[in-house]
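J.: Following this line is upload23.txt, made up of compact mmCIF, C-alpha atoms:
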```
# COMPACT_ATOMS: atom_id res chain seq x y z
CA MET A 81 51.51 93.68 121.58
CA LYS A 82 53.95 94.43 124.40
CA ASN A 83 55.04 90.78 124.43
CA PHE A 84 55.49 90.86 120.70
CA ILE A 85 57.77 93.93 120.92
CA LEU A 86 59.79 92.38 123.74
CA ALA A 87 60.17 89.16 121.77
CA ALA A 88 61.27 91.12 118.72
CA LEU A 89 63.85 93.08 120.71
CA LEU A 90 65.15 89.90 122.31
CA SER A 91 65.46 88.22 118.93
CA LEU A 92 67.25 91.23 117.53
CA THR A 93 69.70 91.23 120.43
CA LEU A 94 70.41 87.52 120.07
CA PHE A 95 70.82 87.92 116.32
CA SER A 96 73.25 90.81 116.77
CA ASN A 97 75.36 88.86 119.23
CA ALA A 98 75.38 85.85 116.94
CA ALA A 99 76.37 88.02 114.01
CA MET A 100 79.23 89.58 115.98
CA ALA A 101 80.44 86.18 117.06
CA ALA A 102 80.32 84.96 113.48
CA HIS A 103 82.23 88.06 112.30
CA GLY A 104 85.02 87.11 114.56
CA GLY A 105 87.45 87.90 116.88
CA GLN A 106 88.86 90.17 119.40
CA HIS A 107 89.27 93.87 119.07
CA VAL A 108 92.58 95.12 120.38
CA VAL A 109 93.01 98.81 121.08
CA VAL A 110 96.63 99.94 121.18
CA GLY A 111 97.57 103.31 122.65
CA LEU A 112 100.51 104.92 120.87
CA ASN A 113 103.07 107.64 121.38
CA GLY A 114 104.43 109.62 118.45
CA LEU A 115 101.30 109.22 116.36
CA VAL A 116 101.16 112.71 114.85
CA CYS A 117 100.67 112.33 111.11
CA ASP A 118 99.03 110.35 108.38
CA TYR A 119 102.39 108.82 107.55
CA CYS A 120 102.39 107.24 111.01
CA ALA A 121 98.95 105.81 110.32
CA GLN A 122 100.12 104.41 106.98
CA SER A 123 103.10 102.75 108.64
CA MET A 124 100.86 101.02 111.17
CA LYS A 125 98.48 99.83 108.49
CA LYS A 126 101.33 98.47 106.39
CA ILE A 127 102.99 96.65 109.29
CA PHE A 128 99.86 95.16 110.86
CA GLY A 129 98.06 94.64 107.56
CA LYS A 130 100.59 91.88 106.85
CA GLU A 131 99.70 90.00 110.04
CA PRO A 132 97.60 86.93 109.19
CA ALA A 133 95.77 87.23 112.51
CA VAL A 134 94.61 90.78 111.74
CA SER A 135 91.53 91.34 109.63
CA HIS A 136 91.36 95.14 109.86
CA VAL A 137 93.51 98.00 111.09
CA ALA A 138 92.09 101.40 112.02
CA VAL A 139 94.09 104.36 113.28
CA ASP A 140 92.65 107.31 115.19
CA LEU A 141 95.10 110.22 115.25
CA THR A 142 93.01 112.21 117.71
CA ALA A 143 92.63 109.38 120.23
CA LYS A 144 96.23 108.27 119.48
CA THR A 145 95.08 104.69 119.15
CA MET A 146 95.18 101.85 116.68
CA THR A 147 92.38 99.29 116.68
CA LEU A 148 93.14 95.81 115.41
CA ASP A 149 90.26 93.53 114.49
CA LEU A 150 91.51 89.98 114.79
CA GLN A 151 90.40 87.01 112.71
CA PRO A 152 88.05 84.55 114.46
CA ASP A 153 89.95 82.17 116.71
CA GLN A 154 93.17 84.09 116.16
CA ASP A 155 95.26 85.94 118.67
CA LEU A 156 98.11 88.39 118.56
CA SER A 157 100.28 88.58 121.65
CA ASP A 158 101.20 91.82 123.36
CA ASP A 159 104.83 91.17 122.48
CA ALA A 160 103.95 90.79 118.80
CA ILE A 161 101.98 94.03 118.91
CA ARG A 162 104.83 95.88 120.62
CA GLY A 163 107.26 94.43 118.08
CA GLY A 164 105.13 95.59 115.16
CA VAL A 165 104.77 99.07 116.61
CA THR A 166 108.55 99.23 117.09
CA ASP A 167 109.04 98.12 113.47
CA ALA A 168 106.83 101.01 112.44
CA GLY A 169 108.98 103.35 114.53
CA TYR A 170 106.57 104.20 117.35
CA SER A 171 105.95 103.19 120.95
CA VAL A 172 103.07 101.56 122.84
CA THR A 173 101.42 103.19 125.83
CA ALA A 174 98.68 100.64 126.50
CA ILE A 175 97.04 97.52 125.06
CA THR A 176 93.43 96.70 125.85
CA ARG A 177 91.33 93.81 124.58
CA ASP A 178 87.59 93.21 124.56
CA MET S 212 99.12 117.34 89.12
CA SER S 213 102.43 116.97 90.87
CA LEU S 214 103.69 114.53 88.28
CA TYR S 215 102.73 116.96 85.56
CA LEU S 216 104.61 119.76 87.28
CA VAL S 217 107.72 117.69 87.75
CA LEU S 218 107.85 116.84 84.10
CA HIS S 219 106.64 120.05 82.55
CA THR S 220 107.74 123.10 84.48
CA GLU S 221 109.79 125.66 82.65
CA ASP S 222 113.37 126.99 83.00
CA ASN S 223 115.01 123.60 82.54
CA HIS S 224 113.12 121.83 85.30
CA PRO S 225 111.16 119.68 82.88
CA THR S 226 114.12 117.82 81.55
CA CYS S 227 116.28 117.69 84.61
CA LEU S 228 115.02 114.43 86.02
CA LEU S 229 114.87 112.96 82.58
CA ARG S 230 118.48 113.93 81.97
CA VAL S 231 119.43 112.29 85.22
CA ILE S 232 117.92 109.05 84.03
CA LEU S 233 119.31 109.35 80.52
CA ASN S 234 122.80 110.28 81.60
CA MET S 235 122.98 107.33 83.91
CA ALA S 236 121.42 104.83 81.58
CA ILE S 237 123.58 105.39 78.53
CA PRO S 238 127.36 105.96 78.35
CA LYS S 239 128.80 109.01 76.64
CA THR S 240 130.42 107.73 73.49
CA GLN S 241 129.44 109.41 70.24
CA ALA S 242 127.48 106.36 69.13
CA MET S 243 125.68 106.25 72.42
CA ARG S 244 124.91 109.94 72.18
CA THR S 245 123.17 109.26 68.90
CA ILE S 246 121.22 106.38 70.37
CA ARG S 247 120.34 108.53 73.33
CA ARG S 248 119.04 111.28 71.04
CA ARG S 249 117.00 108.86 68.98
CA HIS S 250 115.45 107.16 71.98
CA ARG S 251 115.06 110.21 74.16
CA ARG S 252 111.32 110.38 73.56
CA LEU S 253 110.88 106.67 74.15
CA LEU S 254 112.81 106.88 77.42
CA LEU S 255 110.82 109.93 78.43
CA ALA S 256 107.61 108.05 77.74
CA LEU S 257 108.82 105.04 79.74
CA TYR S 258 109.90 107.25 82.59
CA ALA S 259 106.58 109.09 82.66
CA LEU S 260 104.71 105.81 82.40
CA GLY S 261 106.75 104.39 85.24
CA LEU S 262 105.76 107.31 87.42
CA LEU S 263 102.13 107.16 86.44
CA VAL S 264 101.69 103.45 87.01
CA LEU S 265 103.40 103.39 90.39
CA PRO S 266 101.03 101.73 92.82
CA PRO S 267 99.24 104.12 95.14
CA ALA S 268 101.31 102.81 97.96
CA PRO S 269 102.43 104.55 101.21
CA ALA S 270 105.08 108.38 102.14
CA ASN S 271 107.95 110.02 103.23
CA ALA S 272 109.00 113.28 104.35
CA ARG S 273 111.45 111.34 106.41
CA PRO S 274 114.68 109.76 105.23
CA VAL S 275 113.94 106.43 106.95
CA SER S 276 110.72 104.47 106.63
CA TYR S 277 109.19 101.59 108.59
CA THR S 278 110.69 98.09 108.53
CA GLY S 279 110.35 96.71 105.02
CA GLY S 280 109.13 100.01 103.59
CA SER S 281 110.40 101.59 100.38
CA MET S 282 110.33 105.16 99.20
CA LEU S 283 110.58 106.89 95.87
CA MET S 284 111.66 110.51 96.28
CA LEU S 285 111.75 113.08 93.49
CA ASN S 286 112.85 116.64 94.14
CA SER S 287 113.68 119.69 92.11
CA ASP S 288 114.67 123.16 93.29
CA ALA S 289 116.62 126.12 91.98
CA ASP S 290 119.97 124.32 92.15
CA ARG S 291 119.36 120.62 91.83
CA SER S 292 117.02 117.89 90.68
CA SER S 293 117.21 114.48 92.24
CA ALA S 294 115.63 111.05 92.20
CA ALA S 295 116.17 108.49 94.93
CA TYR S 296 114.88 105.09 95.94
CA LEU S 297 115.27 104.06 99.55
CA TYR S 298 114.59 100.76 101.25
CA SER S 299 114.37 100.45 105.03
CA PRO S 300 115.50 97.06 106.34
CA SER S 301 114.63 98.35 109.81
CA ALA S 302 112.94 101.37 111.33
CA THR S 303 116.34 102.98 111.87
CA TRP S 304 118.13 102.46 108.54
CA ALA S 305 117.44 103.21 104.89
CA VAL S 306 119.64 102.58 101.89
CA GLY S 307 119.27 103.02 98.16
CA PRO S 308 120.55 104.54 94.93
CA MET S 309 120.23 108.22 94.12
CA LEU S 310 120.82 110.49 91.17
CA GLU S 311 121.24 114.23 91.42
CA LEU S 312 121.76 116.81 88.73
CA THR S 313 123.39 120.10 89.74
CA ARG S 314 122.10 122.60 87.26
CA ASP S 315 124.78 125.30 87.36
CA GLU S 316 127.63 122.82 87.04
CA ASP S 317 125.70 120.67 84.60
CA SER S 318 127.02 117.70 86.54
CA LEU S 319 125.37 114.46 87.49
CA PHE S 320 125.93 112.71 90.78
CA ALA S 321 125.17 108.99 91.04
CA GLY S 322 125.62 107.30 94.36
CA LEU S 323 124.40 105.19 97.21
CA GLN S 324 122.47 106.92 99.95
CA VAL S 325 122.53 105.62 103.53
CA ASN S 326 120.38 107.23 106.21
CA HIS S 327 120.21 106.36 109.89
CA LEU S 328 117.73 107.30 112.56
CA LEU S 329 119.94 108.20 115.51
CA LYS S 330 117.17 109.03 117.95
CA ARG S 331 113.41 109.34 117.95
CA TRP S 332 111.36 110.98 120.65
CA ASN S 333 107.84 109.54 120.59
CA ASN S 334 105.77 111.81 122.80
CA PRO S 335 102.02 111.70 123.43
CA ASP S 336 101.35 114.73 121.21
CA SER S 337 104.50 115.16 119.20
CA GLN S 338 107.47 113.44 117.65
CA GLY S 339 111.09 114.47 117.26
CA ASN S 340 113.79 112.83 115.16
CA LEU S 341 117.51 113.04 114.61
CA PHE S 342 118.84 111.44 111.44
CA ILE S 343 122.28 111.06 109.85
CA LEU S 344 122.14 111.52 106.09
CA SER S 345 124.91 110.35 103.79
CA ALA S 346 125.70 109.53 100.19
CA LEU S 347 128.79 108.35 98.41
CA GLY S 348 129.25 108.13 94.67
CA ALA S 349 130.66 109.89 91.64
CA HIS S 350 130.07 113.23 89.95
CA GLY S 351 130.16 113.34 86.19
CA LEU S 352 130.41 116.47 84.07
CA GLU S 353 128.07 116.74 81.12
CA GLN S 354 130.64 118.49 78.91
CA ASP S 355 133.62 116.15 79.04
CA GLY S 356 132.34 113.01 80.69
CA ALA S 357 134.95 113.24 83.46
CA ARG S 358 134.13 111.52 86.74
CA GLN S 359 135.23 112.19 90.31
CA GLY S 360 134.27 110.81 93.67
CA GLY S 361 131.99 112.77 95.93
CA GLY S 362 128.98 112.75 98.17
CA TYR S 363 127.64 114.37 101.29
CA ILE S 364 127.11 113.83 104.98
CA GLY S 365 124.57 115.67 107.06
CA LEU S 366 122.08 115.72 109.88
CA GLU S 367 118.35 116.16 109.92
CA ALA S 368 116.62 117.25 113.09
CA ASP S 369 112.86 117.62 113.05
CA TRP S 370 110.01 118.03 115.47
CA GLU S 371 106.32 118.08 114.73
CA ASN S 372 102.92 117.80 116.23
CA ARG S 373 99.65 117.89 114.33
CA ARG S 374 99.75 121.68 114.01
CA LEU S 375 103.42 122.68 113.81
CA TYR S 376 106.46 121.40 111.95
CA THR S 377 110.12 122.36 112.29
CA ARG S 378 113.22 121.00 110.64
CA TYR S 379 116.90 121.86 110.42
CA GLU S 380 119.27 120.13 108.04
CA PRO S 381 122.96 120.99 107.79
CA ARG S 382 124.83 119.13 105.06
CA TYR S 383 128.47 118.97 104.00
CA ARG S 384 129.00 118.23 100.32
CA PHE S 385 132.35 117.13 98.95
CA GLY S 386 133.82 116.29 95.57
CA THR S 387 131.41 118.44 93.60
CA ALA S 388 132.47 119.24 90.06
CA GLU S 389 133.22 122.94 90.43
CA GLU S 390 132.83 124.03 94.02
CA GLY S 391 134.67 121.14 95.67
CA ALA S 392 133.48 120.92 99.27
CA PHE S 393 131.02 123.23 101.00
CA PHE S 394 128.36 123.44 103.70
CA GLN S 395 124.71 124.07 103.13
CA HIS S 396 121.94 124.57 105.64
CA MET S 397 118.21 124.19 105.29
CA GLY S 398 115.52 125.08 107.81
CA ARG S 399 111.76 124.77 107.69
CA LEU S 400 108.81 126.01 109.67
CA GLY S 401 105.34 124.75 108.90
CA ILE S 402 101.79 125.11 110.13
CA ALA S 403 98.76 122.99 109.35
CA PRO S 404 95.72 125.20 108.69
CA TYR S 405 93.42 122.37 109.79
CA ILE S 406 93.86 119.08 111.64
CA GLY S 407 93.16 116.06 109.49
CA GLU S 408 92.36 112.52 110.52
CA ALA S 409 94.00 109.38 109.20
CA GLY S 410 93.27 109.03 105.49
CA ASP S 411 92.31 112.71 105.02
CA LEU S 412 94.17 115.09 102.78
CA HIS S 413 96.67 116.83 105.04
CA THR S 414 97.85 120.31 104.13
CA TRP S 415 100.84 122.22 105.44
CA VAL S 416 101.94 125.74 104.68
CA MET S 417 105.69 125.99 105.08
CA LEU S 418 108.56 128.39 104.82
CA GLN S 419 111.93 127.00 103.80
CA VAL S 420 115.16 128.91 104.25
CA ASP S 421 118.33 127.72 102.50
CA HIS S 422 121.78 129.04 103.26
CA GLU S 423 124.90 128.21 101.28
CA PRO S 424 127.82 130.40 102.36
CA GLU S 425 129.77 129.62 99.17
CA ARG S 426 127.04 130.81 96.86
CA ASP S 427 126.61 134.33 95.49
CA ASP S 428 123.03 134.51 96.71
CA GLN S 429 123.72 132.95 100.08
CA TRP S 430 120.15 132.98 101.35
CA ARG S 431 117.05 131.68 99.66
CA VAL S 432 113.54 131.85 101.12
CA THR S 433 110.87 129.57 99.65
CA PRO S 434 107.23 129.50 100.73
CA LEU S 435 105.64 126.19 99.85
CA VAL S 436 102.56 124.05 100.28
CA ARG S 437 102.80 120.41 101.29
CA LEU S 438 99.92 118.08 100.44
CA PHE S 439 99.93 114.67 102.02
CA GLN S 440 97.41 111.89 101.71
CA GLY S 441 97.98 108.24 102.36
CA PRO S 442 101.19 107.16 100.67
CA VAL S 443 101.76 110.29 98.59
CA LEU S 444 103.41 113.53 99.64
CA ALA S 445 103.71 116.42 97.20
CA GLU S 446 105.21 119.87 97.72
CA VAL S 447 104.97 122.88 95.48
CA GLY S 448 106.75 126.12 96.26
CA MET S 449 108.38 129.14 94.72
CA SER S 450 111.29 131.09 96.13
CA LEU S 451 111.13 134.85 96.50
CA GLU S 452 113.38 134.98 93.42
CA GLY S 453 110.81 132.99 91.46
CA GLU S 454 112.55 129.60 91.42
CA ALA S 455 110.32 126.54 91.65
CA LEU S 456 110.53 123.84 94.30
CA LEU S 457 108.81 120.55 93.58
CA THR S 458 108.76 117.36 95.60
CA LEU S 459 107.00 114.07 95.16
CA ASP S 460 107.51 111.26 97.68
CA ILE S 461 105.76 107.93 97.53
CA THR S 462 106.16 105.27 100.19
CA PHE S 463 105.23 101.68 99.52
```
Mind turning the file's structure into structure tokens?
T.:
Amino acid sequence: MKNFILAALLSLTLFSNAAMAAHGGQHVVVGLNGLVCDYCAQSMKKIFGKEPAVSHVAVDLTAKTMTLDLQPDQDLSDDAIRGGVTDAGYSVTAITRD
Amino acid sequence: MSLYLVLHTEDNHPTCLLRVILNMAIPKTQAMRTIRRRHRRLLLALYALGLLVLPPAPANARPVSYTGGSMLMLNSDADRSSAAYLYSPSATWAVGPMLELTRDEDSLFAGLQVNHLLKRWNNPDSQGNLFILSALGAHGLEQDGARQGGGYIGLEADWENRRLYTRYEPRYRFGTAEEGAFFQHMGRLGIAPYIGEAGDLHTWVMLQVDHEPERDDQWRVTPLVRLFQGPVLAEVGMSLEGEALLTLDITF
């Protein structure tokens, strides 16, 4: 029984990882200054929503971050991210990738 | 709700924006006046339809949007009703046509508005902005159809975090139909009763103070409520003298 449970958990883990890999790409978390209102969030979504490499944009006003989900096998350079944030009228404090 | 209020409030507000559109769209010959009368309802319907079918796009409370962003801004207060469209080719400039009806003078201003973001302070928990506001165009009097050049130039300074909002806006108007040139000042203080996340309905309670030294009632105090969600910003207020203030901004 114990072996069965371990095998099930292992399968589940492998399946989850495979599913994540199939879903795609990198997650980029961008720290932002000046992010104080919903209008700021809308601007970010409009600017980065047009990027072909970006599949989803999420903004967290409390954490002052924007998370970009990238398309599989796609990348978005730090310079492109900083440029987009500047186009929206804000400034970058940090960029982290997983 | 906001659209309804803009189009249907009493004491002349309902027709002000419509008149702006009508006065611009059709010249003032007698024949055209007749056409305008006959098609007034059709134009009203088209105007209302145009507002109602606008895509639920993104908002401004600011005179400059993000690069490539556009804004539709409708405003009506005790003195004026206005409609403006602004396009931002960059995050520091916005340009577009505007129409403004001054109620007391019964005059219509049509012009080109140019706004510039002089400086933005992006801080971890707040943001401050300094804008130049300007417009150049022509005033037309309803009674005789006369036209004269005019416009305004002003500044907008604002600072806000997620709880507090402040704004000061001095403006110099020139070439107006009756008063010529004069200064006006507007200040606002606002507080958010709760902190919303991205995509939530954001609510602000604000107090606006207007000062026009040339006017008989030099000071006007207007409490108002700002509602803001996604691309749409709406404000509803009433001055202590009972005059309505209505704003609808849509960014897309």
J.: Based on all atoms listed in the file, which of the residues in chain A come within 10 Å of chain S? I want them as a PyMOL selection string.
T.: chain A and resi 111-127+138-142+144+164-173
J.: Just the number, please: distance in Å from CA of Leu341 (chain S) to CA of Gly307 (chain S), one decimal.
T.: 19.3 Å
J.: Which is closest to Ser292 (chain S) among S:Met449, S:Tyr383, S:Leu323, S:Leu457, if we use only C-alpha atoms?
T.: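 Once distances to Ser292 (chain S) are computed over only C-alpha atoms, the minimum belongs to S:Leu457.
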J.: Considering all atoms listed in the file, can you say which of A:Gln151, A:Thr176, A:Ser135, A:Ser157 comes closest to Val110 (chain A)?
T.: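 Closest to Val110 (chain A), using all atoms listed in the file: A:Thr176.
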J.: Give me the residues within 9 Å of Leu400 (chain S) as a PyMOL selection string, counting all atoms listed in the file and dropping any in the same chain fewer than 4 places off.
T.: chain S and resi 375-378+416-420
J.: Quick one: pull the distance between CA of Gly361 (chain S) and CA of Ala294 (chain S), Å, one decimal.
T.: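 So the two atoms, CA of Gly361 (chain S) and CA of Ala294 (chain S), lie 16.9 Å apart.
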J.: In terms of the shortest atom-to-atom distance over only C-alpha atoms, which of S:Leu285, S:Asp290, S:Phe342, S:Tyr405 is closest to Asp428 (chain S)?
T.: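 Looking at the shortest contact to Asp428 (chain S), the residue is S:Asp290.
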J.: Using only C-alpha atoms, can you list as an mmCIF file with C-alpha atoms, keeping the file's coordinate frame the residues within 12 Å of (88.2, 89.9, 116.3)?
T.:
```
data_model
loop_
_atom_site.group_PDB
_atom_site.id
_atom_site.type_symbol
_atom_site.label_atom_id
_atom_site.label_comp_id
_atom_site.auth_asym_id
_atom_site.auth_seq_id
_atom_site.Cartn_x
_atom_site.Cartn_y
_atom_site.Cartn_z
ATOM 1 C CA MET A 100 79.230 89.580 115.980
ATOM 2 C CA ALA A 101 80.440 86.180 117.060
ATOM 3 C CA ALA A 102 80.320 84.960 113.480
ATOM 4 C CA HIS A 103 82.230 88.060 112.300
ATOM 5 C CA GLY A 104 85.020 87.110 114.560
ATOM 6 C CA GLY A 105 87.450 87.900 116.880
ATOM 7 C CA GLN A 106 88.860 90.170 119.400
ATOM 8 C CA HIS A 107 89.270 93.870 119.070
ATOM 9 C CA VAL A 108 92.580 95.120 120.380
ATOM 10 C CA VAL A 109 93.010 98.810 121.080
ATOM 11 C CA ALA A 133 95.770 87.230 112.510
ATOM 12 C CA VAL A 134 94.610 90.780 111.740
ATOM 13 C CA SER A 135 91.530 91.340 109.630
ATOM 14 C CA HIS A 136 91.360 95.140 109.860
ATOM 15 C CA VAL A 137 93.510 98.000 111.090
ATOM 16 C CA THR A 147 92.380 99.290 116.680
ATOM 17 C CA LEU A 148 93.140 95.810 115.410
ATOM 18 C CA ASP A 149 90.260 93.530 114.490
ATOM 19 C CA LEU A 150 91.510 89.980 114.790
ATOM 20 C CA GLN A 151 90.400 87.010 112.710
ATOM 21 C CA PRO A 152 88.050 84.550 114.460
ATOM 22 C CA ASP A 153 89.950 82.170 116.710
ATOM 23 C CA GLN A 154 93.170 84.090 116.160
ATOM 24 C CA ASP A 155 95.260 85.940 118.670
ATOM 25 C CA LEU A 156 98.110 88.390 118.560
ATOM 26 C CA ARG A 177 91.330 93.810 124.580
ATOM 27 C CA ASP A 178 87.590 93.210 124.560
#
```
J.: If we count only C-alpha atoms, what is near Gly360 (chain S) at a cut-off of 12 Å, once residues fewer than 5 positions away on the same chain are taken out, given as a PyMOL selection string?
T.: chain S and resi 319-323+346-352+384-388+391-392
J.: Could you state the separation of CA of Glu367 (chain S) and CA of Ser345 (chain S) in Å, given to one decimal place?
T.: 10.7 Å
J.: So, counting all atoms listed in the file, which residue among S:Ala368, S:Gln395, S:Ser299, S:Met284 is closest to Arg426 (chain S)?
T.: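 For Arg426 (chain S), the nearest of the given residues is S:Gln395.
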